[in-house]
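To start, the structure under review is shown below, and the notes come after it.
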Amino acid sequence: EEEEEEKPIHLILFASGIRRKEAHSLVVSGRVRVNGQVIVDPSVTASPKDDEISLDDQPVVVERLRYLLVHKPRGVMCIMNDQKEWRGGRPIISSLIPHTMTERLGDAGRLDLDSEGLVLLTNDQRLKELIKRPDGACRKIYVVTVKGNPSEQDLEILRQGNISIGSMEKLLPCKMRVLEVIPAKKGEGIRGFTRLEVELREGKKNQIRRMLGHIGHRVVRLVRIAIGPLVLEGLHSGEVRELDEAEVKQMYGQ
């Protein structure tokens, strides 16, 4: 029923998998046609079902919205396209998706190569923007193991936020608690390890690794265990499952 409704043309492009800002500029630049007529006003409405909409003379297809929750293993790259020239033969996250799924999915928040845990893949651009909002609308929880034993004073500096680390300026406050202190084994000459739970409401590149490195503790394992109300529990490494309607509503209502 939703597809029969007329919508502003830039929102139709947005629903087809194009970023909101890019969709607006594509219309203004005259690259979009509706029933053969060039449209330059993003507010002009059309029906994805009844009108012929094209971008650069190629049909615009509004795909069915899909939501896949993936347990990304360590060593898998968080990319969708098989860019062999630079991935160095490493596996990519799109290889975990069933071949029968043809929608153009993208991640709603990446994990780096050495991290593991939850990644949400979707073609719902609106939900992606909600999860990635810089004001911290969506919480993400991680279990992180570091070398050594961070002091409570150092952890409190990170919790308070409003600090700058390299190119990361004025970080938002975060939650951070010690789950387990793992003492050094006799004769190994190491400082032992500490397992932490970290809750962020932003997601800058390598943020947790850089935060903990800033106070002198290298991350040896990082697992994302929650994105909003979605949790890792029950999903094994490399497994994928589709969200149900109730879970999607939860993500929008968090």
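By convention here, the chains of the structure tokens are called A, B, ... in the order presented, each chain's residues are numbered starting at 1, and ligands are numbered starting at 1 in the order presented.
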
Practice problem: For A:Leu11, please output as a count of residues only all residues within 8 Å (counting only C-alpha atoms; exclusion window: fewer than 3 positions along the same chain). | Solution: 6

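Counting from atom CA of A:Ala184, the distance to atom CA of A:Val198 is 22.5 Å.
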
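The residue that comes closest to A:Gly234, out of A:Val34, A:Val70, A:Leu65, A:Leu172 and on the basis of only C-alpha atoms, is A:Val70.
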
Practice problem: Fewer than 3 positions away in the same chain doesn't count, so skip those; otherwise give me all residues within 12 Å of A:Val119, counting only C-alpha atoms, as an MDAnalysis selection string. | Solution: chainID A and resid 67:73 76:79 93:94 96 105:112 115:116 122 128 131 140:141 223:228 230:232 235 237:242

Practice problem: Can you check which residues of stretch 2-89 of chain A DSSP gives as alpha helix (DSSP H) on the backbone and send them as a ChimeraX atom specification? | Solution: /A:9-15,20-28,84-87

Those selected residues, please, written with C-alpha atoms and delivered as an mmCIF file, in the first residue's frame.
```cif
data_model
loop_
_atom_site.group_PDB
_atom_site.id
_atom_site.type_symbol
_atom_site.label_atom_id
_atom_site.label_comp_id
_atom_site.auth_asym_id
_atom_site.auth_seq_id
_atom_site.Cartn_x
_atom_site.Cartn_y
_atom_site.Cartn_z
ATOM 1 C CA ILE A 9 10.747 12.522 -5.612
ATOM 2 C CA HIS A 10 13.846 12.878 -3.409
ATOM 3 C CA LEU A 11 12.283 10.512 -0.854
ATOM 4 C CA ILE A 12 11.647 7.946 -3.577
ATOM 5 C CA LEU A 13 15.337 8.091 -4.489
ATOM 6 C CA PHE A 14 16.166 7.809 -0.796
ATOM 7 C CA ALA A 15 13.999 4.667 -0.550
ATOM 8 C CA ARG A 20 19.318 11.628 1.522
ATOM 9 C CA LYS A 21 21.671 14.537 0.673
ATOM 10 C CA GLU A 22 22.776 12.906 -2.571
ATOM 11 C CA ALA A 23 19.149 12.269 -3.590
ATOM 12 C CA HIS A 24 18.329 15.952 -3.168
ATOM 13 C CA SER A 25 21.316 17.090 -5.259
ATOM 14 C CA LEU A 26 20.603 14.545 -8.017
ATOM 15 C CA VAL A 27 17.142 16.025 -8.497
ATOM 16 C CA VAL A 28 18.340 19.636 -8.441
ATOM 17 C CA LYS A 84 39.686 -7.698 -4.773
ATOM 18 C CA GLU A 85 42.323 -5.168 -5.711
ATOM 19 C CA TRP A 86 42.683 -3.974 -2.117
ATOM 20 C CA ARG A 87 41.007 -6.493 0.192
#
```

Exercise. Would you mind telling me which residue in A:Pro173, A:Pro91, A:Pro48, A:Gly192 lies nearest to A:Ile157 when using only C-alpha atoms?
Key: A:Pro173

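Using only C-alpha atoms, the smallest distance between any of A:Thr145, A:Ser43, A:Asn123, A:Gln153 and A:Ile208 comes from A:Thr145.
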
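Pairwise distance (atom CA of A:Asn206, atom CA of A:Val146) equals 14.3 Å.
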
Quiz item: Which residues come within 12 Å of A:Tyr252, counting only C-alpha atoms, excluding same-chain residues fewer than 3 positions away, as a list in words?
Solution: Asp124, Arg126, Leu127, Lys128, Glu129, Leu130, Ile131, Ala137, Cys138, Gly228, Pro229, Leu230, Glu245, Ala246, Glu247, Val248 and Lys249 of chain A

Practice problem: May I have the residues within 9 Å of A:Leu155 as JSON, numbers by chain, using only C-alpha atoms and disregarding those fewer than 4 positions away in the same chain? | Solution: {"A": [150, 151, 159, 160, 176, 177, 212, 215]}
